[in-house]
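Enquirer: My structure is stored as target.txt, with compact mmCIF, C-alpha atoms.
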```
# COMPACT_ATOMS: atom_id res chain seq x y z
CA MET A 1 -23.83 3.62 27.89
CA GLY A 2 -21.99 5.53 25.19
CA LYS A 3 -19.73 2.56 24.45
CA ILE A 4 -22.70 0.27 24.09
CA HIS A 5 -24.37 2.71 21.70
CA ASP A 6 -21.20 3.00 19.64
CA ASP A 7 -20.83 -0.77 19.49
CA ASP A 8 -24.45 -1.08 18.34
CA GLU A 9 -23.86 1.42 15.56
CA ILE A 10 -20.73 -0.43 14.40
CA GLU A 11 -22.61 -3.72 14.40
CA ILE A 12 -25.44 -2.26 12.34
CA ASP A 13 -22.96 -0.72 9.88
CA LEU A 14 -21.17 -4.02 9.40
CA ARG A 15 -24.46 -5.77 8.89
CA GLU A 16 -25.47 -3.24 6.27
CA LEU A 17 -22.17 -3.70 4.47
CA PHE A 18 -22.62 -7.46 4.56
CA TYR A 19 -26.09 -7.24 3.06
CA ALA A 20 -24.86 -4.75 0.44
CA ILE A 21 -22.12 -7.16 -0.63
CA LYS A 22 -24.51 -10.10 -0.53
CA LYS A 23 -27.01 -8.23 -2.69
CA ARG A 24 -24.37 -7.61 -5.37
CA ILE A 25 -22.52 -10.91 -5.03
CA LEU A 26 -23.16 -11.89 -8.65
CA ALA A 27 -21.66 -8.64 -9.93
CA ILE A 28 -18.67 -9.10 -7.62
CA LEU A 29 -18.11 -12.65 -8.87
CA ALA A 30 -18.40 -11.49 -12.47
CA ILE A 31 -15.75 -8.80 -11.96
CA THR A 32 -13.53 -11.34 -10.17
CA ILE A 33 -13.74 -13.72 -13.13
CA LEU A 34 -13.15 -10.82 -15.51
CA GLY A 35 -10.02 -9.83 -13.61
CA ALA A 36 -8.68 -13.39 -13.79
CA ALA A 37 -9.43 -13.56 -17.52
CA ILE A 38 -7.68 -10.25 -18.22
CA ALA A 39 -4.61 -11.31 -16.24
CA GLY A 40 -4.50 -14.65 -18.04
CA ALA A 41 -4.81 -13.03 -21.47
CA TYR A 42 -2.16 -10.46 -20.60
CA THR A 43 0.24 -13.20 -19.49
CA GLN A 44 -0.47 -15.34 -22.53
CA PHE A 45 -0.29 -12.74 -25.31
CA LEU A 46 1.55 -9.67 -24.04
CA VAL A 47 4.30 -10.95 -21.73
CA THR A 48 7.45 -12.44 -23.26
CA PRO A 49 8.30 -15.80 -21.65
CA MET A 50 11.79 -16.05 -20.14
CA TYR A 51 13.96 -19.19 -19.97
CA SER A 52 16.79 -19.91 -17.56
CA ALA A 53 19.86 -22.09 -18.08
CA THR A 54 22.32 -22.92 -15.29
CA SER A 55 25.97 -23.95 -15.36
CA MET A 56 27.89 -25.23 -12.32
CA MET A 57 31.57 -24.60 -11.51
CA LEU A 58 33.83 -26.08 -8.84
CA VAL A 59 36.36 -23.75 -7.20
CA LEU A 60 39.81 -25.32 -6.76
CA THR A 61 43.03 -24.20 -5.09
CA LYS A 62 46.67 -25.00 -5.90
CA GLU A 63 47.10 -27.37 -2.95
CA THR A 64 43.60 -28.78 -3.27
CA THR A 65 42.76 -32.03 -1.55
CA LEU A 66 39.09 -32.78 -1.53
CA SER A 67 39.24 -34.08 2.04
CA SER A 68 41.02 -31.05 3.48
CA LEU A 69 38.85 -28.89 5.75
CA ALA A 70 41.15 -25.89 5.33
CA ASP A 71 40.93 -26.23 1.56
CA LEU A 72 37.15 -26.35 1.79
CA GLN A 73 37.09 -23.13 3.79
CA ILE A 74 39.49 -21.38 1.39
CA GLY A 75 37.49 -22.56 -1.61
CA SER A 76 34.26 -21.35 -0.01
CA GLN A 77 35.76 -17.88 0.42
CA LEU A 78 37.09 -17.85 -3.14
CA THR A 79 33.65 -18.51 -4.59
CA GLN A 80 32.56 -15.09 -3.40
CA ASP A 81 35.53 -13.45 -5.12
CA TYR A 82 34.98 -15.44 -8.30
CA SER A 83 31.31 -14.53 -8.46
CA MET A 84 32.32 -10.86 -8.48
CA LEU A 85 34.91 -11.42 -11.22
CA LEU A 86 32.42 -13.24 -13.43
CA THR A 87 30.22 -10.16 -13.63
CA THR A 88 32.95 -7.63 -14.38
CA ARG A 89 32.71 -5.48 -17.49
CA THR A 90 35.64 -7.28 -19.15
CA VAL A 91 34.07 -10.73 -18.88
CA LEU A 92 30.55 -9.65 -19.84
CA GLN A 93 31.73 -7.55 -22.77
CA SER A 94 33.78 -10.50 -24.05
CA VAL A 95 30.69 -12.70 -23.98
CA VAL A 96 28.67 -10.04 -25.82
CA ASP A 97 31.39 -9.71 -28.50
CA ASN A 98 32.01 -13.44 -28.90
CA LEU A 99 28.33 -14.26 -29.38
CA GLU A 100 27.51 -11.01 -31.20
CA LEU A 101 24.64 -10.31 -28.83
CA ASP A 102 22.38 -7.36 -29.52
CA MET A 103 22.76 -5.91 -26.04
CA THR A 104 25.20 -4.04 -23.84
CA TYR A 105 27.20 -5.65 -21.06
CA GLU A 106 24.97 -3.85 -18.53
CA GLU A 107 21.88 -5.50 -20.02
CA LEU A 108 23.63 -8.86 -19.93
CA GLU A 109 24.54 -8.34 -16.29
CA GLU A 110 20.86 -7.94 -15.44
CA ARG A 111 20.21 -11.39 -16.91
CA VAL A 112 22.97 -13.12 -14.94
CA GLU A 113 22.55 -14.52 -11.44
CA ILE A 114 25.35 -16.23 -9.52
CA THR A 115 24.64 -18.23 -6.39
CA TYR A 116 26.80 -20.42 -4.18
CA PRO A 117 25.44 -22.75 -1.49
CA GLN A 118 26.87 -21.97 1.91
CA ASP A 119 30.02 -23.86 2.97
CA THR A 120 30.59 -25.26 -0.51
CA ARG A 121 32.94 -24.54 -3.39
CA ILE A 122 30.18 -24.74 -5.98
CA MET A 123 29.10 -21.74 -8.06
CA GLU A 124 25.84 -21.80 -9.97
CA ILE A 125 25.68 -19.41 -12.92
CA THR A 126 22.17 -18.78 -14.25
CA VAL A 127 21.32 -16.80 -17.36
CA THR A 128 17.74 -15.79 -18.20
CA TYR A 129 16.86 -15.05 -21.82
CA PRO A 130 13.77 -15.12 -24.10
CA ASP A 131 15.36 -17.79 -26.34
CA PRO A 132 15.98 -21.09 -24.49
CA GLU A 133 18.82 -22.19 -26.80
CA MET A 134 20.54 -18.82 -26.52
CA ALA A 135 20.19 -18.94 -22.73
CA LYS A 136 22.26 -22.16 -22.71
CA THR A 137 24.80 -20.71 -25.16
CA ILE A 138 25.30 -17.56 -23.10
CA VAL A 139 25.73 -19.37 -19.78
CA ASP A 140 28.27 -21.80 -21.27
CA GLU A 141 30.23 -18.94 -22.85
CA LEU A 142 30.14 -16.96 -19.61
CA ALA A 143 31.49 -19.92 -17.64
CA SER A 144 34.29 -20.50 -20.17
CA VAL A 145 35.35 -16.86 -20.47
CA GLY A 146 35.02 -16.32 -16.72
CA ALA A 147 37.23 -19.31 -15.85
CA ALA A 148 40.00 -18.10 -18.19
CA PHE A 149 39.75 -14.55 -16.82
CA ILE A 150 40.00 -15.74 -13.21
CA GLU A 151 43.08 -17.84 -14.05
CA ASN A 152 44.86 -14.89 -15.68
CA GLN A 153 43.96 -12.27 -13.09
CA MET A 154 44.42 -14.23 -9.86
CA GLU A 155 47.07 -16.74 -11.01
CA VAL A 156 45.21 -19.61 -9.42
CA VAL A 157 43.79 -22.90 -10.60
CA PRO A 158 40.76 -21.89 -12.67
CA PRO A 159 37.33 -23.04 -11.53
CA LYS A 160 36.33 -26.28 -13.18
CA ILE A 161 33.11 -26.47 -15.16
CA ILE A 162 31.40 -29.56 -13.79
CA GLU A 163 28.04 -29.11 -15.48
CA GLU A 164 27.12 -27.17 -18.60
CA GLY A 165 23.78 -25.55 -19.08
CA GLU A 166 20.83 -27.41 -20.55
CA ILE A 167 18.25 -26.06 -22.96
CA PRO A 168 15.24 -25.26 -20.75
CA GLU A 169 11.95 -26.76 -21.89
CA GLN A 170 9.64 -24.69 -19.72
CA PRO A 171 9.76 -20.91 -19.13
CA THR A 172 10.68 -19.75 -15.66
CA SER A 173 8.53 -16.64 -15.98
CA PRO A 174 5.89 -15.41 -16.08
CA SER A 175 3.77 -17.72 -13.93
CA ARG A 176 0.33 -17.87 -15.55
CA SER A 177 -1.38 -19.42 -12.53
CA ARG A 178 0.11 -16.81 -10.21
CA ASN A 179 -0.94 -13.92 -12.45
CA VAL A 180 -4.46 -15.35 -12.85
CA ALA A 181 -4.78 -15.62 -9.08
CA LEU A 182 -3.55 -12.05 -8.63
CA GLY A 183 -5.98 -10.83 -11.30
CA ALA A 184 -8.89 -12.56 -9.61
CA LEU A 185 -7.87 -11.14 -6.24
CA ALA A 186 -7.55 -7.64 -7.69
CA GLY A 187 -11.00 -7.92 -9.29
CA LEU A 188 -12.53 -9.18 -6.06
CA VAL A 189 -10.98 -6.42 -3.95
CA LEU A 190 -11.92 -3.73 -6.48
CA ALA A 191 -15.53 -4.87 -6.81
CA ALA A 192 -16.03 -5.33 -3.07
CA GLY A 193 -14.35 -1.99 -2.40
CA VAL A 194 -16.67 -0.16 -4.77
CA VAL A 195 -19.72 -1.78 -3.18
CA VAL A 196 -18.52 -0.85 0.31
CA VAL A 197 -17.75 2.75 -0.67
CA LEU A 198 -21.12 3.21 -2.38
CA SER A 199 -22.89 1.69 0.62
CA ILE A 200 -21.08 3.98 3.04
CA MET A 201 -21.74 7.08 0.92
CA ASP A 202 -25.43 6.22 0.55
CA ASP A 203 -27.15 8.46 3.12
CA THR A 204 -30.73 8.02 1.93
CA ILE A 205 -33.40 7.17 4.49
CA LYS A 206 -34.73 3.69 3.92
CA SER A 207 -36.43 2.76 7.21
CA GLU A 208 -37.65 4.08 10.53
CA ASP A 209 -34.41 2.97 12.14
CA ASP A 210 -32.46 5.20 9.74
CA ILE A 211 -34.47 8.24 10.88
CA GLU A 212 -33.56 7.64 14.49
CA LYS A 213 -29.99 6.71 13.61
CA TYR A 214 -29.07 9.61 11.33
CA LEU A 215 -31.48 12.36 12.47
CA GLY A 216 -31.90 11.46 16.13
CA LEU A 217 -35.72 11.76 15.87
CA SER A 218 -38.32 9.33 17.07
CA THR A 219 -40.90 8.10 14.58
CA LEU A 220 -44.46 8.95 15.60
CA ALA A 221 -46.28 7.42 12.63
CA SER A 222 -45.57 5.95 9.23
CA ILE A 223 -47.54 6.20 5.99
CA PRO A 224 -47.26 3.19 3.70
CA ASP A 225 -46.09 3.87 0.18
CA ARG A 226 -48.99 2.52 -1.91
CA LYS A 227 -48.31 3.37 -5.53
CA ASP A 228 -51.39 1.49 -6.62
CA TYR A 229 -53.57 4.21 -5.08
CA ILE A 230 -51.71 6.83 -7.05
CA THR A 231 -51.96 5.00 -10.36
CA GLY A 232 -55.62 4.16 -9.78
CA LYS A 233 -55.18 0.39 -10.03
CA SER A 234 -57.02 -0.18 -6.75
CA LYS A 235 -60.09 1.72 -8.02
CA LYS A 236 -60.18 -0.35 -11.17
CA LYS A 237 -60.03 -3.54 -9.12
CA THR A 238 -62.91 -2.44 -6.86
CA LEU A 239 -65.03 -1.42 -9.87
CA LYS A 240 -64.43 -4.81 -11.51
CA LYS A 241 -65.48 -6.59 -8.32
CA LYS A 242 -68.71 -4.54 -8.07
CA HIS A 243 -69.48 -5.21 -11.73
CA ARG A 244 -69.07 -8.96 -11.20
CA ARG A 245 -71.35 -8.91 -8.15
CA LYS A 246 -74.07 -7.12 -10.16
CA LYS A 247 -73.86 -9.75 -12.90
CA ARG A 248 -74.23 -12.55 -10.37
CA LYS A 249 -77.31 -10.94 -8.91
```
Let me see the structure of the file written as structure tokens.
Expert:
Amino acid sequence: MGKIHDDDEIEIDLRELFYAIKKRILAILAITILGAAIAGAYTQFLVTPMYSATSMMLVLTKETTLSSLADLQIGSQLTQDYSMLLTTRTVLQSVVDNLELDMTYEELEERVEITYPQDTRIMEITVTYPDPEMAKTIVDELASVGAAFIENQMEVVPPKIIEEGEIPEQPTSPSRSRNVALGALAGLVLAAGVVVVLSIMDDTIKSEDDIEKYLGLSTLASIPDRKDYITGKSKKKTLKKKHRRKKRK
């Protein structure tokens, strides 16, 4: 019996929460729209757009033959070594000095991403920067300086630049639609959370069921709340009716 009683209480609580949310649905929707608008404005006016340019390099070996499986495996392993060499302090600092960039080599390293598809000899060098033209310039310079550095340090055939970077036309970040969706979701969760918390913390007695639920007492009788009797409106109405009846007579 106790389980059934507990289940009934949970069901009533959920129903009350549902009605509380339904009652304030317009306010919740308004806060949701406000959250989306704030996120959109923040993305549009306060966040600096970032552009990415990518250069591709092919890793070669001294005895390279494009149809050799062993050469493919060796080249695939070398790409991992080369990707480490491209982000060394010597290479990055050379790029900073050559282009007279207003940043340290550590800051440049944070803007560089090197990827290599599995079982290939291709390296993709991506540089992200606020200026799209400078993003292309940096990635091309990094590929050129990195290839020369690898040739000198490892005494191997330098990786071949097969595709230079292009000037990006669209920013890669931030995503306005994503931020707007997150802002709307945050507003919705915040508004609904406040309504739920206020509803749970509200311990006022509103009905006979609440008396039995919270106090464990049975209701013997109920007195209707008639404010019109207190204000005297009912007396005025009855007096007007009697006055009309006298006139008719």
Enquirer: Pick the closest to Val96 (chain A) from A:Val145, A:Glu113, A:Val197, A:Thr79: which is it, counting only C-alpha atoms?
Expert: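 Of A:Val145, A:Glu113, A:Val197, A:Thr79, the one nearest Val96 (chain A), counting only C-alpha atoms, is A:Val145.
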Enquirer: Do you know which residues lie at most 12 Å from (7.2, -21.2, -19.3), with coordinates as in the file and only C-alpha atoms counted, and could you write them as JSON, numbers by chain?
Expert: {"A": [43, 44, 47, 48, 49, 50, 51, 52, 128, 129, 130, 131, 132, 168, 169, 170, 171, 172, 173, 174, 175, 176, 177]}
Enquirer: Let me make sure I understand: among A:Leu92, A:Asp97, A:Leu26, A:Val196, which one has the smallest atom-to-atom distance to Glu110 (chain A) if we use only C-alpha atoms?
Expert: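 For Glu110 (chain A), the nearest of the given residues is A:Leu92.
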Enquirer: Considering all atoms listed in the file, state which residue in the set A:Arg178, A:Lys22, A:Arg15, A:Arg89 is at the smallest distance from Gly146 (chain A).
Expert: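 When distances to Gly146 (chain A) are compared using all atoms listed in the file, the smallest one comes from A:Arg89.
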Enquirer: In Å to one decimal, how far is CA of Ile21 (chain A) from CA of Ala36 (chain A)?
Expert: 19.8 Å
Enquirer: Using all atoms listed in the file, which of A:Met154, A:Leu58, A:Ala186, A:Val91 sits nearest Glu124 (chain A)?
Expert: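 Using all atoms listed in the file, the shortest distance to Glu124 (chain A) belongs to A:Leu58.
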Enquirer: Generate the missing atoms of region 74-100 of chain A up to N, CA, C and O atoms and report them as a PDB file, in the frame of the given file.
Expert:
```
ATOM      1  N   ILE A  74      38.887 -22.328   2.337  1.00  0.00           N
ATOM      2  CA  ILE A  74      39.490 -21.380   1.390  1.00  0.00           C
ATOM      3  C   ILE A  74      38.668 -21.333   0.103  1.00  0.00           C
ATOM      4  O   ILE A  74      38.387 -20.263  -0.439  1.00  0.00           O
ATOM      5  N   GLY A  75      38.286 -22.509  -0.385  1.00  0.00           N
ATOM      6  CA  GLY A  75      37.490 -22.560  -1.610  1.00  0.00           C
ATOM      7  C   GLY A  75      36.153 -21.871  -1.448  1.00  0.00           C
ATOM      8  O   GLY A  75      35.666 -21.215  -2.365  1.00  0.00           O
ATOM      9  N   SER A  76      35.543 -21.998  -0.267  1.00  0.00           N
ATOM     10  CA  SER A  76      34.260 -21.350  -0.010  1.00  0.00           C
ATOM     11  C   SER A  76      34.399 -19.835  -0.056  1.00  0.00           C
ATOM     12  O   SER A  76      33.513 -19.127  -0.540  1.00  0.00           O
ATOM     13  N   GLN A  77      35.521 -19.317   0.452  1.00  0.00           N
ATOM     14  CA  GLN A  77      35.760 -17.880   0.420  1.00  0.00           C
ATOM     15  C   GLN A  77      36.047 -17.402  -1.007  1.00  0.00           C
ATOM     16  O   GLN A  77      35.646 -16.312  -1.413  1.00  0.00           O
ATOM     17  N   LEU A  78      36.765 -18.240  -1.775  1.00  0.00           N
ATOM     18  CA  LEU A  78      37.090 -17.850  -3.140  1.00  0.00           C
ATOM     19  C   LEU A  78      35.857 -17.754  -4.034  1.00  0.00           C
ATOM     20  O   LEU A  78      35.835 -16.969  -4.985  1.00  0.00           O
ATOM     21  N   THR A  79      34.852 -18.560  -3.753  1.00  0.00           N
ATOM     22  CA  THR A  79      33.650 -18.510  -4.590  1.00  0.00           C
ATOM     23  C   THR A  79      33.033 -17.123  -4.587  1.00  0.00           C
ATOM     24  O   THR A  79      32.483 -16.679  -5.603  1.00  0.00           O
ATOM     25  N   GLN A  80      33.110 -16.436  -3.462  1.00  0.00           N
ATOM     26  CA  GLN A  80      32.560 -15.090  -3.400  1.00  0.00           C
ATOM     27  C   GLN A  80      33.362 -14.119  -4.269  1.00  0.00           C
ATOM     28  O   GLN A  80      32.798 -13.259  -4.949  1.00  0.00           O
ATOM     29  N   ASP A  81      34.696 -14.285  -4.266  1.00  0.00           N
ATOM     30  CA  ASP A  81      35.530 -13.450  -5.120  1.00  0.00           C
ATOM     31  C   ASP A  81      35.281 -13.765  -6.589  1.00  0.00           C
ATOM     32  O   ASP A  81      35.179 -12.860  -7.429  1.00  0.00           O
ATOM     33  N   TYR A  82      35.173 -15.037  -6.907  1.00  0.00           N
ATOM     34  CA  TYR A  82      34.980 -15.440  -8.300  1.00  0.00           C
ATOM     35  C   TYR A  82      33.637 -14.953  -8.843  1.00  0.00           C
ATOM     36  O   TYR A  82      33.534 -14.580 -10.013  1.00  0.00           O
ATOM     37  N   SER A  83      32.634 -14.979  -8.000  1.00  0.00           N
ATOM     38  CA  SER A  83      31.310 -14.530  -8.460  1.00  0.00           C
ATOM     39  C   SER A  83      31.338 -13.051  -8.826  1.00  0.00           C
ATOM     40  O   SER A  83      30.636 -12.620  -9.750  1.00  0.00           O
ATOM     41  N   MET A  84      32.176 -12.271  -8.131  1.00  0.00           N
ATOM     42  CA  MET A  84      32.320 -10.860  -8.480  1.00  0.00           C
ATOM     43  C   MET A  84      33.081 -10.694  -9.793  1.00  0.00           C
ATOM     44  O   MET A  84      32.725  -9.865 -10.631  1.00  0.00           O
ATOM     45  N   LEU A  85      34.102 -11.520  -9.999  1.00  0.00           N
ATOM     46  CA  LEU A  85      34.910 -11.420 -11.220  1.00  0.00           C
ATOM     47  C   LEU A  85      34.103 -11.831 -12.455  1.00  0.00           C
ATOM     48  O   LEU A  85      34.316 -11.294 -13.550  1.00  0.00           O
ATOM     49  N   LEU A  86      33.195 -12.770 -12.291  1.00  0.00           N
ATOM     50  CA  LEU A  86      32.420 -13.240 -13.430  1.00  0.00           C
ATOM     51  C   LEU A  86      31.470 -12.180 -13.988  1.00  0.00           C
ATOM     52  O   LEU A  86      31.030 -12.278 -15.138  1.00  0.00           O
ATOM     53  N   THR A  87      31.150 -11.197 -13.180  1.00  0.00           N
ATOM     54  CA  THR A  87      30.220 -10.160 -13.630  1.00  0.00           C
ATOM     55  C   THR A  87      30.922  -8.825 -13.864  1.00  0.00           C
ATOM     56  O   THR A  87      30.270  -7.778 -13.871  1.00  0.00           O
ATOM     57  N   THR A  88      32.234  -8.861 -14.052  1.00  0.00           N
ATOM     58  CA  THR A  88      32.950  -7.630 -14.380  1.00  0.00           C
ATOM     59  C   THR A  88      32.677  -7.239 -15.832  1.00  0.00           C
ATOM     60  O   THR A  88      32.249  -8.055 -16.654  1.00  0.00           O
ATOM     61  N   ARG A  89      32.952  -5.984 -16.138  1.00  0.00           N
ATOM     62  CA  ARG A  89      32.710  -5.480 -17.490  1.00  0.00           C
ATOM     63  C   ARG A  89      33.521  -6.231 -18.526  1.00  0.00           C
ATOM     64  O   ARG A  89      33.026  -6.521 -19.635  1.00  0.00           O
ATOM     65  N   THR A  90      34.772  -6.593 -18.186  1.00  0.00           N
ATOM     66  CA  THR A  90      35.640  -7.280 -19.150  1.00  0.00           C
ATOM     67  C   THR A  90      35.059  -8.619 -19.563  1.00  0.00           C
ATOM     68  O   THR A  90      34.998  -8.955 -20.754  1.00  0.00           O
ATOM     69  N   VAL A  91      34.612  -9.398 -18.582  1.00  0.00           N
ATOM     70  CA  VAL A  91      34.070 -10.730 -18.880  1.00  0.00           C
ATOM     71  C   VAL A  91      32.766 -10.609 -19.656  1.00  0.00           C
ATOM     72  O   VAL A  91      32.565 -11.276 -20.677  1.00  0.00           O
ATOM     73  N   LEU A  92      31.857  -9.773 -19.194  1.00  0.00           N
ATOM     74  CA  LEU A  92      30.550  -9.650 -19.840  1.00  0.00           C
ATOM     75  C   LEU A  92      30.681  -9.100 -21.257  1.00  0.00           C
ATOM     76  O   LEU A  92      29.989  -9.562 -22.173  1.00  0.00           O
ATOM     77  N   GLN A  93      31.556  -8.121 -21.435  1.00  0.00           N
ATOM     78  CA  GLN A  93      31.730  -7.550 -22.770  1.00  0.00           C
ATOM     79  C   GLN A  93      32.329  -8.585 -23.726  1.00  0.00           C
ATOM     80  O   GLN A  93      31.973  -8.621 -24.917  1.00  0.00           O
ATOM     81  N   SER A  94      33.210  -9.436 -23.220  1.00  0.00           N
ATOM     82  CA  SER A  94      33.780 -10.500 -24.050  1.00  0.00           C
ATOM     83  C   SER A  94      32.705 -11.470 -24.509  1.00  0.00           C
ATOM     84  O   SER A  94      32.692 -11.916 -25.661  1.00  0.00           O
ATOM     85  N   VAL A  95      31.784 -11.804 -23.622  1.00  0.00           N
ATOM     86  CA  VAL A  95      30.690 -12.700 -23.980  1.00  0.00           C
ATOM     87  C   VAL A  95      29.796 -12.051 -25.037  1.00  0.00           C
ATOM     88  O   VAL A  95      29.389 -12.693 -26.013  1.00  0.00           O
ATOM     89  N   VAL A  96      29.502 -10.766 -24.851  1.00  0.00           N
ATOM     90  CA  VAL A  96      28.670 -10.040 -25.820  1.00  0.00           C
ATOM     91  C   VAL A  96      29.342 -10.030 -27.194  1.00  0.00           C
ATOM     92  O   VAL A  96      28.688 -10.271 -28.224  1.00  0.00           O
ATOM     93  N   ASP A  97      30.656  -9.770 -27.228  1.00  0.00           N
ATOM     94  CA  ASP A  97      31.390  -9.710 -28.500  1.00  0.00           C
ATOM     95  C   ASP A  97      31.506 -11.087 -29.139  1.00  0.00           C
ATOM     96  O   ASP A  97      31.335 -11.231 -30.361  1.00  0.00           O
ATOM     97  N   ASN A  98      31.812 -12.100 -28.342  1.00  0.00           N
ATOM     98  CA  ASN A  98      32.010 -13.440 -28.900  1.00  0.00           C
ATOM     99  C   ASN A  98      30.725 -14.002 -29.517  1.00  0.00           C
ATOM    100  O   ASN A  98      30.770 -14.680 -30.550  1.00  0.00           O
ATOM    101  N   LEU A  99      29.610 -13.730 -28.889  1.00  0.00           N
ATOM    102  CA  LEU A  99      28.330 -14.260 -29.380  1.00  0.00           C
ATOM    103  C   LEU A  99      27.577 -13.263 -30.246  1.00  0.00           C
ATOM    104  O   LEU A  99      26.493 -13.592 -30.756  1.00  0.00           O
ATOM    105  N   GLU A 100      28.143 -12.055 -30.401  1.00  0.00           N
ATOM    106  CA  GLU A 100      27.510 -11.010 -31.200  1.00  0.00           C
ATOM    107  C   GLU A 100      26.077 -10.739 -30.729  1.00  0.00           C
ATOM    108  O   GLU A 100      25.122 -10.703 -31.515  1.00  0.00           O
TER     109      GLU A 100
END
```
